[in-house]
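Structure below is final_27.txt: compact mmCIF, N, CA and C atoms and all ligand atoms.
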# COMPACT_ATOMS: atom_id res chain seq x y z
N MET A 1259 94.71 96.01 89.64
CA MET A 1259 95.98 95.34 89.34
C MET A 1259 97.14 95.98 90.09
N ARG A 1260 97.22 97.33 90.00
CA ARG A 1260 98.33 98.03 90.67
C ARG A 1260 98.23 97.86 92.18
N MET A 1261 97.03 98.07 92.70
CA MET A 1261 96.87 97.97 94.15
C MET A 1261 97.06 96.53 94.62
N HIS A 1262 96.54 95.59 93.83
CA HIS A 1262 96.69 94.19 94.21
C HIS A 1262 98.17 93.81 94.29
N THR A 1263 98.94 94.24 93.30
CA THR A 1263 100.38 93.95 93.31
C THR A 1263 101.04 94.63 94.50
N CYS A 1264 100.57 95.81 94.82
CA CYS A 1264 101.11 96.54 95.96
C CYS A 1264 100.88 95.77 97.27
N LEU A 1265 99.76 95.07 97.35
CA LEU A 1265 99.48 94.29 98.56
C LEU A 1265 100.47 93.13 98.72
N HIS A 1266 100.97 92.62 97.59
CA HIS A 1266 102.04 91.61 97.69
C HIS A 1266 103.26 92.22 98.38
N LEU A 1267 103.59 93.46 98.01
CA LEU A 1267 104.73 94.13 98.63
C LEU A 1267 104.47 94.35 100.12
N LEU A 1268 103.22 94.71 100.44
CA LEU A 1268 102.87 94.93 101.84
C LEU A 1268 103.09 93.65 102.65
N CYS A 1269 102.72 92.53 102.06
CA CYS A 1269 102.96 91.21 102.68
C CYS A 1269 104.42 91.02 103.02
N ALA A 1270 105.28 91.50 102.13
CA ALA A 1270 106.71 91.30 102.31
C ALA A 1270 107.27 92.24 103.38
N VAL A 1271 106.63 93.40 103.52
CA VAL A 1271 107.14 94.42 104.44
C VAL A 1271 106.70 94.15 105.88
N VAL A 1272 105.48 93.65 106.04
CA VAL A 1272 104.92 93.46 107.38
C VAL A 1272 105.07 92.00 107.81
N PRO A 1273 105.64 91.76 108.97
CA PRO A 1273 105.74 90.37 109.45
C PRO A 1273 104.38 89.91 109.97
N GLY A 1274 104.15 88.62 109.93
CA GLY A 1274 102.90 88.10 110.48
C GLY A 1274 101.99 87.57 109.40
N ALA A 1275 101.10 86.68 109.80
CA ALA A 1275 100.19 86.04 108.85
C ALA A 1275 99.11 87.01 108.39
N VAL A 1276 98.71 86.86 107.15
CA VAL A 1276 97.63 87.67 106.60
C VAL A 1276 96.31 86.97 106.91
N THR A 1277 95.36 87.70 107.51
CA THR A 1277 94.10 87.07 107.88
C THR A 1277 92.94 87.54 107.01
N GLY A 1278 93.19 88.53 106.17
CA GLY A 1278 92.11 88.98 105.29
C GLY A 1278 92.61 90.11 104.41
N GLY A 1279 91.82 90.45 103.40
CA GLY A 1279 92.23 91.55 102.55
C GLY A 1279 91.17 91.89 101.54
N GLN A 1280 91.32 93.07 100.94
CA GLN A 1280 90.34 93.54 99.99
C GLN A 1280 90.93 94.67 99.16
N VAL A 1281 90.50 94.76 97.91
CA VAL A 1281 90.88 95.88 97.06
C VAL A 1281 89.61 96.50 96.51
N ALA A 1282 89.46 97.81 96.65
CA ALA A 1282 88.29 98.50 96.10
C ALA A 1282 88.57 99.98 95.94
N ASP A 1283 88.07 100.57 94.87
CA ASP A 1283 88.12 102.02 94.65
C ASP A 1283 89.51 102.61 94.85
N GLY A 1284 90.52 101.96 94.26
CA GLY A 1284 91.86 102.52 94.35
C GLY A 1284 92.48 102.43 95.72
N ARG A 1285 91.85 101.68 96.60
CA ARG A 1285 92.42 101.47 97.91
C ARG A 1285 92.54 99.98 98.15
N GLY A 1286 93.43 99.62 99.04
CA GLY A 1286 93.54 98.21 99.38
C GLY A 1286 93.81 98.07 100.85
N ARG A 1287 93.43 96.93 101.40
CA ARG A 1287 93.77 96.70 102.80
C ARG A 1287 94.12 95.24 103.02
N LEU A 1288 94.97 95.03 104.00
CA LEU A 1288 95.27 93.68 104.45
C LEU A 1288 95.19 93.67 105.96
N ASP A 1289 94.67 92.57 106.51
CA ASP A 1289 94.66 92.38 107.95
C ASP A 1289 95.78 91.41 108.31
N PHE A 1290 96.56 91.79 109.31
CA PHE A 1290 97.68 90.96 109.73
C PHE A 1290 97.51 90.53 111.18
N ASP A 1291 97.97 89.33 111.42
CA ASP A 1291 98.05 88.82 112.77
C ASP A 1291 99.45 89.18 113.29
N VAL A 1292 99.55 90.30 114.00
CA VAL A 1292 100.85 90.79 114.47
C VAL A 1292 100.84 90.87 115.99
N PRO A 1293 101.30 89.84 116.66
CA PRO A 1293 101.23 89.84 118.12
C PRO A 1293 102.12 90.91 118.73
N GLY A 1294 101.51 91.76 119.53
CA GLY A 1294 102.23 92.74 120.33
C GLY A 1294 103.17 93.66 119.58
N SER A 1295 102.94 93.84 118.30
CA SER A 1295 103.86 94.65 117.53
C SER A 1295 103.27 96.02 117.28
N SER A 1296 104.13 97.03 117.27
CA SER A 1296 103.66 98.36 116.89
C SER A 1296 104.13 98.63 115.46
N LEU A 1297 103.19 98.91 114.62
CA LEU A 1297 103.50 99.15 113.21
C LEU A 1297 103.55 100.65 112.97
N ASP A 1298 104.52 101.07 112.20
CA ASP A 1298 104.71 102.49 111.96
C ASP A 1298 104.29 102.87 110.55
N LYS A 1299 103.29 103.76 110.49
CA LYS A 1299 102.72 104.21 109.22
C LYS A 1299 103.78 104.74 108.26
N GLU A 1300 104.60 105.65 108.77
CA GLU A 1300 105.60 106.30 107.92
C GLU A 1300 106.65 105.30 107.44
N ALA A 1301 107.06 104.40 108.34
CA ALA A 1301 108.10 103.43 107.98
C ALA A 1301 107.59 102.47 106.91
N ILE A 1302 106.34 102.02 107.04
CA ILE A 1302 105.78 101.09 106.06
C ILE A 1302 105.61 101.80 104.72
N THR A 1303 105.13 103.05 104.74
CA THR A 1303 104.99 103.83 103.51
C THR A 1303 106.33 103.96 102.80
N ALA A 1304 107.39 104.27 103.56
CA ALA A 1304 108.72 104.45 102.97
C ALA A 1304 109.23 103.15 102.37
N GLN A 1305 109.03 102.03 103.09
CA GLN A 1305 109.50 100.74 102.59
C GLN A 1305 108.76 100.34 101.31
N LEU A 1306 107.45 100.56 101.30
CA LEU A 1306 106.65 100.21 100.11
C LEU A 1306 107.14 101.02 98.91
N ASN A 1307 107.29 102.31 99.09
CA ASN A 1307 107.67 103.16 97.96
C ASN A 1307 109.08 102.86 97.46
N ARG A 1308 109.93 102.40 98.38
CA ARG A 1308 111.28 102.01 97.97
C ARG A 1308 111.20 100.77 97.07
N LEU A 1309 110.39 99.79 97.47
CA LEU A 1309 110.25 98.56 96.68
C LEU A 1309 109.59 98.86 95.33
N ILE A 1310 108.61 99.76 95.33
CA ILE A 1310 107.92 100.12 94.09
C ILE A 1310 108.90 100.80 93.13
N ALA A 1311 109.63 101.79 93.65
CA ALA A 1311 110.54 102.58 92.81
C ALA A 1311 111.68 101.74 92.26
N ALA A 1312 112.03 100.66 92.96
CA ALA A 1312 113.15 99.82 92.53
C ALA A 1312 112.83 99.05 91.24
N GLY A 1313 111.56 99.01 90.86
CA GLY A 1313 111.18 98.38 89.59
C GLY A 1313 111.44 96.89 89.54
N HIS A 1314 110.98 96.17 90.56
CA HIS A 1314 111.15 94.71 90.57
C HIS A 1314 110.17 94.06 89.60
N ARG A 1315 110.64 93.02 88.92
CA ARG A 1315 109.79 92.28 88.01
C ARG A 1315 108.82 91.37 88.76
N VAL A 1316 107.60 91.28 88.25
CA VAL A 1316 106.58 90.42 88.85
C VAL A 1316 106.28 89.32 87.85
N THR A 1317 106.61 88.08 88.20
CA THR A 1317 106.48 87.00 87.22
C THR A 1317 105.75 85.80 87.79
N PRO A 1318 104.94 85.16 86.96
CA PRO A 1318 104.25 83.96 87.41
C PRO A 1318 105.16 82.73 87.30
N ARG A 1319 104.89 81.76 88.12
CA ARG A 1319 105.65 80.52 88.10
C ARG A 1319 104.67 79.41 88.52
N TRP A 1320 104.78 78.25 87.91
CA TRP A 1320 103.84 77.18 88.24
C TRP A 1320 104.54 76.08 89.03
N ILE A 1321 103.88 75.59 90.06
CA ILE A 1321 104.39 74.41 90.75
C ILE A 1321 103.25 73.41 90.90
N SER A 1322 103.59 72.17 91.22
CA SER A 1322 102.57 71.14 91.37
C SER A 1322 101.94 71.25 92.76
N ASP A 1323 100.74 70.68 92.89
CA ASP A 1323 100.06 70.64 94.19
C ASP A 1323 100.97 70.03 95.25
N GLY A 1324 101.72 68.99 94.85
CA GLY A 1324 102.60 68.29 95.78
C GLY A 1324 103.72 69.19 96.28
N GLU A 1325 104.28 69.96 95.36
CA GLU A 1325 105.35 70.89 95.74
C GLU A 1325 104.83 71.95 96.70
N LEU A 1326 103.61 72.41 96.45
CA LEU A 1326 103.02 73.41 97.34
C LEU A 1326 102.79 72.81 98.73
N ALA A 1327 102.25 71.59 98.76
CA ALA A 1327 101.97 70.93 100.03
C ALA A 1327 103.25 70.77 100.85
N ALA A 1328 104.38 70.63 100.15
CA ALA A 1328 105.65 70.43 100.83
C ALA A 1328 106.23 71.75 101.32
N GLN A 1329 105.65 72.87 100.90
CA GLN A 1329 106.16 74.18 101.30
C GLN A 1329 105.03 75.06 101.85
N PRO A 1330 104.48 74.67 102.99
CA PRO A 1330 103.32 75.41 103.51
C PRO A 1330 103.65 76.86 103.83
N ASP A 1331 104.94 77.18 103.99
CA ASP A 1331 105.33 78.56 104.29
C ASP A 1331 104.96 79.52 103.17
N LEU A 1332 104.74 78.98 101.98
CA LEU A 1332 104.42 79.85 100.85
C LEU A 1332 103.05 80.48 100.99
N VAL A 1333 102.19 79.85 101.77
CA VAL A 1333 100.83 80.35 101.86
C VAL A 1333 100.72 81.35 103.00
N ARG A 1334 100.63 82.63 102.62
CA ARG A 1334 100.60 83.70 103.63
C ARG A 1334 99.18 84.03 104.06
N THR A 1335 98.25 83.80 103.20
CA THR A 1335 96.88 84.21 103.48
C THR A 1335 96.10 83.06 104.09
N MET A 1336 95.95 83.10 105.41
CA MET A 1336 95.32 81.98 106.10
C MET A 1336 93.85 81.81 105.75
N SER A 1337 93.20 82.93 105.43
CA SER A 1337 91.76 82.86 105.21
C SER A 1337 91.41 82.38 103.79
N VAL A 1338 92.38 82.47 102.89
CA VAL A 1338 92.11 82.06 101.52
C VAL A 1338 93.07 80.94 101.13
N LYS A 1339 92.56 79.74 101.02
CA LYS A 1339 93.38 78.61 100.59
C LYS A 1339 93.62 78.73 99.09
N PRO A 1340 94.85 78.48 98.66
CA PRO A 1340 95.09 78.53 97.21
C PRO A 1340 94.32 77.42 96.51
N PRO A 1341 93.89 77.68 95.30
CA PRO A 1341 93.14 76.66 94.57
C PRO A 1341 94.06 75.48 94.21
N THR A 1342 93.72 74.32 94.72
CA THR A 1342 94.48 73.12 94.36
C THR A 1342 93.51 72.13 93.75
N GLY A 1343 94.03 71.06 93.24
CA GLY A 1343 93.16 70.03 92.67
C GLY A 1343 93.32 69.90 91.18
N SER A 1344 93.83 70.99 90.53
CA SER A 1344 94.04 70.91 89.09
C SER A 1344 95.42 70.35 88.78
N GLY A 1345 96.17 70.03 89.84
CA GLY A 1345 97.49 69.44 89.63
C GLY A 1345 98.62 70.43 89.70
N ARG A 1346 98.27 71.71 89.44
CA ARG A 1346 99.32 72.71 89.54
C ARG A 1346 98.74 74.01 90.10
N VAL A 1347 99.63 74.81 90.64
CA VAL A 1347 99.23 76.04 91.31
C VAL A 1347 100.10 77.17 90.77
N ARG A 1348 99.47 78.32 90.54
CA ARG A 1348 100.26 79.44 90.06
C ARG A 1348 100.82 80.24 91.23
N LEU A 1349 102.12 80.47 91.19
CA LEU A 1349 102.76 81.34 92.17
C LEU A 1349 103.09 82.65 91.49
N MET A 1350 102.97 83.74 92.25
CA MET A 1350 103.45 85.01 91.75
C MET A 1350 104.72 85.34 92.49
N GLU A 1351 105.75 85.65 91.72
CA GLU A 1351 107.04 85.94 92.32
C GLU A 1351 107.48 87.36 92.04
N ILE A 1352 107.83 88.07 93.12
CA ILE A 1352 108.52 89.34 92.98
C ILE A 1352 109.91 89.01 93.50
N ALA A 1353 110.83 88.86 92.56
CA ALA A 1353 112.11 88.21 92.85
C ALA A 1353 112.77 88.72 94.11
N GLY A 1354 113.03 87.83 95.02
CA GLY A 1354 113.73 88.15 96.26
C GLY A 1354 112.87 88.85 97.30
N ILE A 1355 111.60 89.11 96.96
CA ILE A 1355 110.76 89.89 97.88
C ILE A 1355 109.54 89.12 98.34
N ASP A 1356 108.80 88.58 97.39
CA ASP A 1356 107.57 87.88 97.74
C ASP A 1356 107.34 86.73 96.77
N LEU A 1357 106.88 85.61 97.32
CA LEU A 1357 106.52 84.46 96.49
C LEU A 1357 105.35 83.79 97.16
N GLN A 1358 104.21 83.77 96.50
CA GLN A 1358 103.04 83.13 97.09
C GLN A 1358 102.04 82.76 96.03
N PRO A 1359 101.21 81.75 96.34
CA PRO A 1359 100.18 81.36 95.38
C PRO A 1359 99.20 82.50 95.20
N CYS A 1360 98.86 82.83 93.96
CA CYS A 1360 97.90 83.90 93.72
C CYS A 1360 97.30 83.75 92.33
N GLY A 1361 96.01 83.85 92.26
CA GLY A 1361 95.34 83.76 90.97
C GLY A 1361 94.91 85.11 90.45
N GLY A 1362 95.33 86.18 91.12
CA GLY A 1362 94.90 87.53 90.75
C GLY A 1362 95.65 88.09 89.57
N THR A 1363 95.34 89.33 89.20
CA THR A 1363 96.03 89.98 88.10
C THR A 1363 97.02 91.00 88.65
N HIS A 1364 98.17 91.09 87.99
CA HIS A 1364 99.29 91.87 88.50
C HIS A 1364 99.90 92.73 87.42
N VAL A 1365 100.56 93.80 87.81
CA VAL A 1365 101.39 94.53 86.87
C VAL A 1365 102.68 93.74 86.69
N ALA A 1366 103.42 94.00 85.59
CA ALA A 1366 104.61 93.21 85.29
C ALA A 1366 105.84 93.72 86.02
N ASN A 1367 105.75 94.96 86.51
CA ASN A 1367 106.90 95.56 87.16
C ASN A 1367 106.38 96.45 88.29
N THR A 1368 107.02 96.39 89.46
CA THR A 1368 106.50 97.15 90.61
C THR A 1368 106.47 98.66 90.35
N ALA A 1369 107.33 99.14 89.43
CA ALA A 1369 107.36 100.58 89.14
C ALA A 1369 106.01 101.07 88.60
N GLU A 1370 105.25 100.14 87.98
CA GLU A 1370 103.95 100.53 87.42
C GLU A 1370 102.92 100.87 88.50
N ILE A 1371 103.20 100.47 89.73
CA ILE A 1371 102.25 100.73 90.81
C ILE A 1371 102.15 102.23 91.09
N GLY A 1372 103.30 102.90 91.07
CA GLY A 1372 103.32 104.33 91.39
C GLY A 1372 103.32 104.55 92.90
N PRO A 1373 103.46 105.83 93.31
CA PRO A 1373 103.58 106.14 94.74
C PRO A 1373 102.32 105.78 95.52
N VAL A 1374 102.52 105.22 96.71
CA VAL A 1374 101.40 104.86 97.58
C VAL A 1374 101.69 105.39 98.98
N ALA A 1375 100.68 105.36 99.82
CA ALA A 1375 100.86 105.75 101.21
C ALA A 1375 99.98 104.89 102.10
N VAL A 1376 100.45 104.62 103.30
CA VAL A 1376 99.60 103.95 104.28
C VAL A 1376 98.61 104.99 104.78
N ALA A 1377 97.33 104.78 104.50
CA ALA A 1377 96.31 105.75 104.88
C ALA A 1377 95.97 105.63 106.36
N LYS A 1378 96.03 104.40 106.85
CA LYS A 1378 95.54 104.18 108.20
C LYS A 1378 95.98 102.80 108.68
N ILE A 1379 96.25 102.69 109.97
CA ILE A 1379 96.45 101.38 110.59
C ILE A 1379 95.44 101.26 111.72
N GLU A 1380 94.55 100.29 111.61
CA GLU A 1380 93.49 100.14 112.59
C GLU A 1380 93.73 98.91 113.46
N ASN A 1381 93.37 99.03 114.73
CA ASN A 1381 93.38 97.87 115.62
C ASN A 1381 92.07 97.12 115.48
N LYS A 1382 92.18 95.86 115.07
CA LYS A 1382 90.97 95.05 114.95
C LYS A 1382 91.11 93.86 115.88
N GLY A 1383 91.10 94.13 117.16
CA GLY A 1383 91.31 93.06 118.12
C GLY A 1383 92.74 93.07 118.62
N ARG A 1384 93.02 92.21 119.58
CA ARG A 1384 94.29 92.25 120.29
C ARG A 1384 95.49 92.08 119.38
N GLN A 1385 95.42 91.14 118.45
CA GLN A 1385 96.58 90.86 117.60
C GLN A 1385 96.36 91.28 116.16
N ASN A 1386 95.15 91.71 115.83
CA ASN A 1386 94.83 91.95 114.43
C ASN A 1386 95.02 93.43 114.08
N ARG A 1387 95.83 93.67 113.05
CA ARG A 1387 96.03 95.04 112.59
C ARG A 1387 95.61 95.15 111.14
N ARG A 1388 94.79 96.14 110.84
CA ARG A 1388 94.34 96.37 109.47
C ARG A 1388 95.13 97.53 108.89
N ILE A 1389 95.83 97.27 107.78
CA ILE A 1389 96.64 98.31 107.14
C ILE A 1389 95.95 98.71 105.84
N ILE A 1390 95.60 99.99 105.73
CA ILE A 1390 94.90 100.50 104.55
C ILE A 1390 95.87 101.33 103.71
N ILE A 1391 95.96 100.96 102.43
CA ILE A 1391 96.89 101.62 101.51
C ILE A 1391 96.09 102.40 100.46
N ALA A 1392 96.57 103.58 100.12
CA ALA A 1392 95.94 104.36 99.05
C ALA A 1392 97.02 104.88 98.12
N PHE A 1393 96.63 105.16 96.87
CA PHE A 1393 97.59 105.76 95.94
C PHE A 1393 97.87 107.20 96.39
N ALA A 1394 99.14 107.56 96.34
CA ALA A 1394 99.54 108.88 96.81
C ALA A 1394 99.42 109.92 95.71
N ALA A 1395 99.48 109.48 94.46
CA ALA A 1395 99.46 110.43 93.35
C ALA A 1395 98.05 110.64 92.82
ZN ZN B 1 98.41 88.47 93.58

In structure tokens, write the structure found in this file.
Amino acid sequence: MRMHTCLHLLCAVVPGAVTGGQVADGRGRLDFDVPGSSLDKEAITAQLNRLIAAGHRVTPRWISDGELAAQPDLVRTMSVKPPTGSGRVRLMEIAGIDLQPCGGTHVANTAEIGPVAVAKIENKGRQNRRIIIAFAA
């Protein structure tokens, strides 16, 4: 839950489409399609911890399938289509920071995540960057 919520923050910090992701054993990773960009481990770690420490509320919000279809920008994860067909879709909102369809479980406040650090940034092809996050504490 904590790491999953943290990945939402990572989405907000790193520009580019998300092409994959995973959470396991207190670690999480996201793959980003970042053309020609150099990502800085320390800068991303600092930005994440700033957002976590600020204690932003994480709240669910429901919209209809039609509303989602009208706002394709909401879907950051290209590899995982949000579940549609039931007439409504759950969005997770971290006010002013991230808003995207997600059926996962989240903490209610970013402060609950605790300190994290970017463990590694790997090159996975010309445009693909894998960012691995671990708990710092
Ligand atoms: Zn989520």

Mind giving me the straight-line distance from CA of Arg1387 in chain A to atom N of Arg1319 in chain A in Å, one decimal?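 Spanning CA of Arg1387 in chain A to atom N of Arg1319 in chain A is a straight-line distance of 29.2 Å.
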
Kindly work out which residues sit at most 6 Å from ligand ZN 1 (chain B), using all atoms listed in the file, and give the list as a compact mmCIF listing (two decimals) with N, CA and C atoms, in the frame of the given file.
# COMPACT_ATOMS: atom_id res chain seq x y z
N HIS A 1262 96.54 95.59 93.83
CA HIS A 1262 96.69 94.19 94.21
C HIS A 1262 98.17 93.81 94.29
N THR A 1263 98.94 94.24 93.30
CA THR A 1263 100.38 93.95 93.31
C THR A 1263 101.04 94.63 94.50
N CYS A 1360 98.86 82.83 93.96
CA CYS A 1360 97.90 83.90 93.72
C CYS A 1360 97.30 83.75 92.33
N GLY A 1361 96.01 83.85 92.26
CA GLY A 1361 95.34 83.76 90.97
C GLY A 1361 94.91 85.11 90.45
N GLY A 1362 95.33 86.18 91.12
CA GLY A 1362 94.90 87.53 90.75
C GLY A 1362 95.65 88.09 89.57
N THR A 1363 95.34 89.33 89.20
CA THR A 1363 96.03 89.98 88.10
C THR A 1363 97.02 91.00 88.65

Excluding same-chain residues fewer than 3 positions from Thr1342 in chain A, what lies within 8 Å of it counting all atoms listed in the file, as a PyMOL selection string? chain A and resi 1322-1323+1339+1345-1347

What residues in range 1286-1336 of chain A get the DSSP label strand (DSSP E or B)? Please answer as a VMD selection string. chain A and resid 1286 to 1291 1315 to 1322 1335

Around the point (101.6, 96.8, 93.0) in the file's coordinates, collect all residues with an atom within 7 Å, using only N, CA and C atoms, and return them as a list in words.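 Residues found, by chain and rising number: Met1259, Arg1260, Met1261, His1262, Thr1263, Cys1264, Leu1265, His1266, Leu1267, Val1365, Asn1367, Thr1368, Glu1370, Ile1371 and Gly1372 of chain A.
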
Could you tell me which of A:Ala1270, A:Ile1389, A:Ala1394, A:Ala1369 comes closest to Leu1288 in chain A if we count all atoms listed in the file?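 Closest candidate: A:Ile1389.
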
Between atom N of Gly1284 in chain A and atom N of Leu1297 in chain A, what is the distance, to one decimal in Å?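 Rounded to one decimal, the two atoms are 24.2 Å apart.
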
If you count all atoms listed in the file, which residues fall within 6 Å of Gln1385 in chain A, apart from same-chain ones fewer than 6 positions away, as JSON, numbers by chain? {"A": [1290, 1291, 1292, 1293, 1294]}

Report as a PyMOL selection string: the residues of chain A with a DSSP assignment of helix (DSSP H, G or I), based on the backbone of this structure. chain A and resi 1260-1271+1299-1311+1323-1327+1330-1332+1368-1371

Take the residues from that selection and put them in a file with N, CA and C atoms, as an mmCIF file, keeping the file's coordinate frame.
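Result saved to again.cif:
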data_model
loop_
_atom_site.group_PDB
_atom_site.id
_atom_site.type_symbol
_atom_site.label_atom_id
_atom_site.label_comp_id
_atom_site.auth_asym_id
_atom_site.auth_seq_id
_atom_site.Cartn_x
_atom_site.Cartn_y
_atom_site.Cartn_z
ATOM 1 N N ARG A 1260 97.220 97.330 90.000
ATOM 2 C CA ARG A 1260 98.330 98.030 90.670
ATOM 3 C C ARG A 1260 98.230 97.860 92.180
ATOM 4 N N MET A 1261 97.030 98.070 92.700
ATOM 5 C CA MET A 1261 96.870 97.970 94.150
ATOM 6 C C MET A 1261 97.060 96.530 94.620
ATOM 7 N N HIS A 1262 96.540 95.590 93.830
ATOM 8 C CA HIS A 1262 96.690 94.190 94.210
ATOM 9 C C HIS A 1262 98.170 93.810 94.290
ATOM 10 N N THR A 1263 98.940 94.240 93.300
ATOM 11 C CA THR A 1263 100.380 93.950 93.310
ATOM 12 C C THR A 1263 101.040 94.630 94.500
ATOM 13 N N CYS A 1264 100.570 95.810 94.820
ATOM 14 C CA CYS A 1264 101.110 96.540 95.960
ATOM 15 C C CYS A 1264 100.880 95.770 97.270
ATOM 16 N N LEU A 1265 99.760 95.070 97.350
ATOM 17 C CA LEU A 1265 99.480 94.290 98.560
ATOM 18 C C LEU A 1265 100.470 93.130 98.720
ATOM 19 N N HIS A 1266 100.970 92.620 97.590
ATOM 20 C CA HIS A 1266 102.040 91.610 97.690
ATOM 21 C C HIS A 1266 103.260 92.220 98.380
ATOM 22 N N LEU A 1267 103.590 93.460 98.010
ATOM 23 C CA LEU A 1267 104.730 94.130 98.630
ATOM 24 C C LEU A 1267 104.470 94.350 100.120
ATOM 25 N N LEU A 1268 103.220 94.710 100.440
ATOM 26 C CA LEU A 1268 102.870 94.930 101.840
ATOM 27 C C LEU A 1268 103.090 93.650 102.650
ATOM 28 N N CYS A 1269 102.720 92.530 102.060
ATOM 29 C CA CYS A 1269 102.960 91.210 102.680
ATOM 30 C C CYS A 1269 104.420 91.020 103.020
ATOM 31 N N ALA A 1270 105.280 91.500 102.130
ATOM 32 C CA ALA A 1270 106.710 91.300 102.310
ATOM 33 C C ALA A 1270 107.270 92.240 103.380
ATOM 34 N N VAL A 1271 106.630 93.400 103.520
ATOM 35 C CA VAL A 1271 107.140 94.420 104.440
ATOM 36 C C VAL A 1271 106.700 94.150 105.880
ATOM 37 N N LYS A 1299 103.290 103.760 110.490
ATOM 38 C CA LYS A 1299 102.720 104.210 109.220
ATOM 39 C C LYS A 1299 103.780 104.740 108.260
ATOM 40 N N GLU A 1300 104.600 105.650 108.770
ATOM 41 C CA GLU A 1300 105.600 106.300 107.920
ATOM 42 C C GLU A 1300 106.650 105.300 107.440
ATOM 43 N N ALA A 1301 107.060 104.400 108.340
ATOM 44 C CA ALA A 1301 108.100 103.430 107.980
ATOM 45 C C ALA A 1301 107.590 102.470 106.910
ATOM 46 N N ILE A 1302 106.340 102.020 107.040
ATOM 47 C CA ILE A 1302 105.780 101.090 106.060
ATOM 48 C C ILE A 1302 105.610 101.800 104.720
ATOM 49 N N THR A 1303 105.130 103.050 104.740
ATOM 50 C CA THR A 1303 104.990 103.830 103.510
ATOM 51 C C THR A 1303 106.330 103.960 102.800
ATOM 52 N N ALA A 1304 107.390 104.270 103.560
ATOM 53 C CA ALA A 1304 108.720 104.450 102.970
ATOM 54 C C ALA A 1304 109.230 103.150 102.370
ATOM 55 N N GLN A 1305 109.030 102.030 103.090
ATOM 56 C CA GLN A 1305 109.500 100.740 102.590
ATOM 57 C C GLN A 1305 108.760 100.340 101.310
ATOM 58 N N LEU A 1306 107.450 100.560 101.300
ATOM 59 C CA LEU A 1306 106.650 100.210 100.110
ATOM 60 C C LEU A 1306 107.140 101.020 98.910
ATOM 61 N N ASN A 1307 107.290 102.310 99.090
ATOM 62 C CA ASN A 1307 107.670 103.160 97.960
ATOM 63 C C ASN A 1307 109.080 102.860 97.460
ATOM 64 N N ARG A 1308 109.930 102.400 98.380
ATOM 65 C CA ARG A 1308 111.280 102.010 97.970
ATOM 66 C C ARG A 1308 111.200 100.770 97.070
ATOM 67 N N LEU A 1309 110.390 99.790 97.470
ATOM 68 C CA LEU A 1309 110.250 98.560 96.680
ATOM 69 C C LEU A 1309 109.590 98.860 95.330
ATOM 70 N N ILE A 1310 108.610 99.760 95.330
ATOM 71 C CA ILE A 1310 107.920 100.120 94.090
ATOM 72 C C ILE A 1310 108.900 100.800 93.130
ATOM 73 N N ALA A 1311 109.630 101.790 93.650
ATOM 74 C CA ALA A 1311 110.540 102.580 92.810
ATOM 75 C C ALA A 1311 111.680 101.740 92.260
ATOM 76 N N ASP A 1323 100.740 70.680 92.890
ATOM 77 C CA ASP A 1323 100.060 70.640 94.190
ATOM 78 C C ASP A 1323 100.970 70.030 95.250
ATOM 79 N N GLY A 1324 101.720 68.990 94.850
ATOM 80 C CA GLY A 1324 102.600 68.290 95.780
ATOM 81 C C GLY A 1324 103.720 69.190 96.280
ATOM 82 N N GLU A 1325 104.280 69.960 95.360
ATOM 83 C CA GLU A 1325 105.350 70.890 95.740
ATOM 84 C C GLU A 1325 104.830 71.950 96.700
ATOM 85 N N LEU A 1326 103.610 72.410 96.450
ATOM 86 C CA LEU A 1326 103.020 73.410 97.340
ATOM 87 C C LEU A 1326 102.790 72.810 98.730
ATOM 88 N N ALA A 1327 102.250 71.590 98.760
ATOM 89 C CA ALA A 1327 101.970 70.930 100.030
ATOM 90 C C ALA A 1327 103.250 70.770 100.850
ATOM 91 N N PRO A 1330 104.480 74.670 102.990
ATOM 92 C CA PRO A 1330 103.320 75.410 103.510
ATOM 93 C C PRO A 1330 103.650 76.860 103.830
ATOM 94 N N ASP A 1331 104.940 77.180 103.990
ATOM 95 C CA ASP A 1331 105.330 78.560 104.290
ATOM 96 C C ASP A 1331 104.960 79.520 103.170
ATOM 97 N N LEU A 1332 104.740 78.980 101.980
ATOM 98 C CA LEU A 1332 104.420 79.850 100.850
ATOM 99 C C LEU A 1332 103.050 80.480 100.990
ATOM 100 N N THR A 1368 107.020 96.390 89.460
ATOM 101 C CA THR A 1368 106.500 97.150 90.610
ATOM 102 C C THR A 1368 106.470 98.660 90.350
ATOM 103 N N ALA A 1369 107.330 99.140 89.430
ATOM 104 C CA ALA A 1369 107.360 100.580 89.140
ATOM 105 C C ALA A 1369 106.010 101.070 88.600
ATOM 106 N N GLU A 1370 105.250 100.140 87.980
ATOM 107 C CA GLU A 1370 103.950 100.530 87.420
ATOM 108 C C GLU A 1370 102.920 100.870 88.500
ATOM 109 N N ILE A 1371 103.200 100.470 89.730
ATOM 110 C CA ILE A 1371 102.250 100.730 90.810
ATOM 111 C C ILE A 1371 102.150 102.230 91.090
#

Residue among A:Ala1327, A:Val1316, A:Ile1390, A:Leu1332 lying closest to Ile1352 in chain A, counting all atoms listed in the file: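 Using all atoms listed in the file, the shortest distance to Ile1352 in chain A belongs to A:Val1316.
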
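In this model, the gap between atom N of Gln1329 in chain A and atom C of Gly1354 in chain A comes to 17.9 Å.
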
Selection: 7 Å around Glu1351 in chain A, only N, CA and C atoms, excl. self and same-chain fewer than 3 positions, as a VMD selection string: chain A and resid 1315 to 1319 1354 to 1358

Residue nearest Asp1298 in chain A among A:Lys1382, A:Val1333, A:Ile1391, A:Val1376 (counting only N, CA and C atoms):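 Among the listed residues, the smallest separation from Asp1298 in chain A belongs to A:Val1376.
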
Let me have the centre and edge lengths of the axis-aligned box enclosing all listed atoms of range 1310-1328 of chain A with 4 Å padding on every side, in Å to one decimal, as lines of an AutoDock Vina configuration file.
center_x = 106.6
center_y = 85.4
center_z = 94.1
size_x = 21.1
size_y = 42.3
size_z = 22.4

Using only N, CA and C atoms, the shortest atom-to-atom distance to Thr1303 in chain A among A:Ala1275, A:Arg1384, A:Cys1269, A:Val1374 belongs to A:Val1374
